[in-house]
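Presented below is the structure to which this report refers.
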Amino acid sequence: MNKSIHILENKESTRIAPEGRLDESLSPQLEQALARVDESKKMIIDLKKVSSVTPAGVRVLLNASFQQKSGGFSLENPSNEVQQLLVTVGLESLVSTA
(Lines give C-alpha, C1' and ligand atoms only; values in the text may rest on other atoms or scores of the structure.)
Protein backbone atom coordinates (compact mmCIF):
# COMPACT_ATOMS: atom_id res chain seq x y z
CA MET A 1 0.00 0.00 0.00
CA ASN A 2 1.21 3.49 -0.84
CA LYS A 3 2.15 5.76 2.00
CA SER A 4 1.25 9.38 1.52
CA ILE A 5 -0.42 12.35 3.18
CA HIS A 6 -3.09 14.52 1.57
CA ILE A 7 -3.94 17.96 2.95
CA LEU A 8 -7.09 19.97 2.25
CA GLU A 9 -7.44 23.44 3.77
CA ASN A 10 -10.34 25.87 3.95
CA LYS A 11 -11.13 28.94 6.08
CA GLU A 12 -12.29 26.94 9.13
CA SER A 13 -10.30 23.71 9.08
CA THR A 14 -7.40 21.66 7.80
CA ARG A 15 -8.10 18.03 6.88
CA ILE A 16 -5.06 15.77 6.84
CA ALA A 17 -5.51 12.32 5.35
CA PRO A 18 -2.63 9.89 5.77
CA GLU A 19 -2.70 6.78 3.62
CA GLY A 20 -1.14 3.43 4.49
CA ARG A 21 0.27 2.07 7.71
CA LEU A 22 0.83 4.84 10.27
CA ASP A 23 4.21 3.57 11.44
CA GLU A 24 7.81 4.69 11.91
CA SER A 25 8.15 5.66 8.26
CA LEU A 26 4.88 7.60 7.81
CA SER A 27 4.67 9.16 11.29
CA PRO A 28 7.47 11.72 10.72
CA GLN A 29 5.74 12.88 7.51
CA LEU A 30 2.47 13.26 9.39
CA GLU A 31 4.23 15.16 12.17
CA GLN A 32 5.67 17.61 9.64
CA ALA A 33 2.25 18.15 8.05
CA LEU A 34 0.64 18.69 11.45
CA ALA A 35 3.30 21.23 12.45
CA ARG A 36 2.23 23.46 9.55
CA VAL A 37 -1.44 23.64 10.60
CA ASP A 38 -2.71 27.03 11.76
CA GLU A 39 -3.64 26.56 15.43
CA SER A 40 -6.73 28.73 15.03
CA LYS A 41 -8.26 26.25 12.57
CA LYS A 42 -9.88 22.95 13.42
CA MET A 43 -7.56 20.06 12.65
CA ILE A 44 -9.16 16.92 11.26
CA ILE A 45 -7.15 13.77 10.74
CA ASP A 46 -9.03 11.50 8.35
CA LEU A 47 -8.04 7.91 9.06
CA LYS A 48 -10.15 6.35 6.28
CA LYS A 49 -7.14 5.08 4.32
CA VAL A 50 -4.99 4.16 7.34
CA SER A 51 -4.66 0.38 7.50
CA SER A 52 -3.06 0.17 10.95
CA VAL A 53 -1.35 2.31 13.58
CA THR A 54 1.86 1.45 15.44
CA PRO A 55 3.03 3.06 18.72
CA ALA A 56 4.86 5.71 16.66
CA GLY A 57 1.56 6.66 15.03
CA VAL A 58 -0.26 6.73 18.37
CA ARG A 59 2.37 9.15 19.70
CA VAL A 60 1.85 11.51 16.75
CA LEU A 61 -1.96 11.44 17.15
CA LEU A 62 -1.71 12.05 20.88
CA ASN A 63 0.77 14.93 20.47
CA ALA A 64 -1.43 16.50 17.79
CA SER A 65 -4.45 16.41 20.10
CA PHE A 66 -2.50 18.28 22.79
CA GLN A 67 -1.05 20.88 20.43
CA GLN A 68 -4.28 21.84 18.66
CA LYS A 69 -6.26 23.40 21.49
CA SER A 70 -7.76 26.64 20.16
CA GLY A 71 -9.10 25.47 16.79
CA GLY A 72 -10.22 22.02 17.80
CA PHE A 73 -9.13 18.53 16.88
CA SER A 74 -10.82 15.34 15.73
CA LEU A 75 -10.08 11.98 14.21
CA GLU A 76 -12.48 10.74 11.54
CA ASN A 77 -13.29 7.56 9.63
CA PRO A 78 -11.11 5.00 11.43
CA SER A 79 -11.40 1.41 10.26
CA ASN A 80 -12.67 -1.11 12.82
CA GLU A 81 -9.09 -2.19 13.55
CA VAL A 82 -7.87 1.38 14.05
CA GLN A 83 -10.98 2.22 16.13
CA GLN A 84 -10.22 -0.74 18.44
CA LEU A 85 -6.67 0.53 18.91
CA LEU A 86 -7.92 4.04 19.69
CA VAL A 87 -10.24 2.59 22.34
CA THR A 88 -7.42 0.49 23.80
CA VAL A 89 -5.09 3.49 24.17
CA GLY A 90 -7.82 5.83 25.41
CA LEU A 91 -8.14 8.08 22.35
CA GLU A 92 -11.71 7.14 21.41
CA SER A 93 -13.02 10.48 22.71
CA LEU A 94 -11.17 12.20 19.85
CA VAL A 95 -13.10 10.31 17.17
CA SER A 96 -15.79 12.44 15.57
CA THR A 97 -19.14 10.73 15.08
CA ALA A 98 -20.57 13.50 12.90
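Each chain in the C-alpha coordinates gets a letter, A, B, ..., in the order shown, and its residues are numbered from 1; ligands are numbered from 1 in order too.
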For this session: Please report, as a PyMOL selection string, each residue of stretch 4-97 of chain A to which DSSP assigns alpha helix (DSSP H) when run on this structure's backbone.
Result: chain A and resi 27-35+55-67+80-88
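Among the candidate residues A:Val89, A:Ala64, A:Leu8, A:Leu75, the one lying nearest to A:Leu34 is A:Ala64, with distances computed using only C-alpha atoms.
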For A:Arg15, the closest of A:Glu31, A:Glu92, A:Glu76, A:Glu39 counting only C-alpha atoms is A:Glu76
* **Counting only C-alpha atoms, the residue of A:Ser13, A:Ser40, A:Ser27, A:Ser4 that sits nearest A:Gln67** =>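 That would be A:Ser40, the residue with the smallest distance to A:Gln67.
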Requested in this report: Using only C-alpha atoms, find the one residue out of A:Ser79, A:Leu61, A:Pro18, A:Val37 that sits nearest to A:Leu91.
Outcome: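 Nearest to A:Leu91: A:Leu61.
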Contacts of A:Lys48 at 12 Å (only C-alpha atoms; same-chain gap of 4+ positions) as a PyMOL selection string:
chain A and resi 5-6+15-22+44+52+75-83+95
Out of A:Asp23, A:Gln32, A:Asp38, A:Thr88, which residue has the shortest atom-to-atom distance to A:Arg59 when counting only C-alpha atoms?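 Under the stated criterion, the closest residue is A:Asp23.
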Fill in: strand (DSSP E or B) call set, DSSP backbone run, chain A, as a count of residues only
30
Using only C-alpha atoms, the residue out of A:Val53, A:Pro28, A:Ser65, A:Asp46 with shortest distance to A:Gln84 is A:Val53
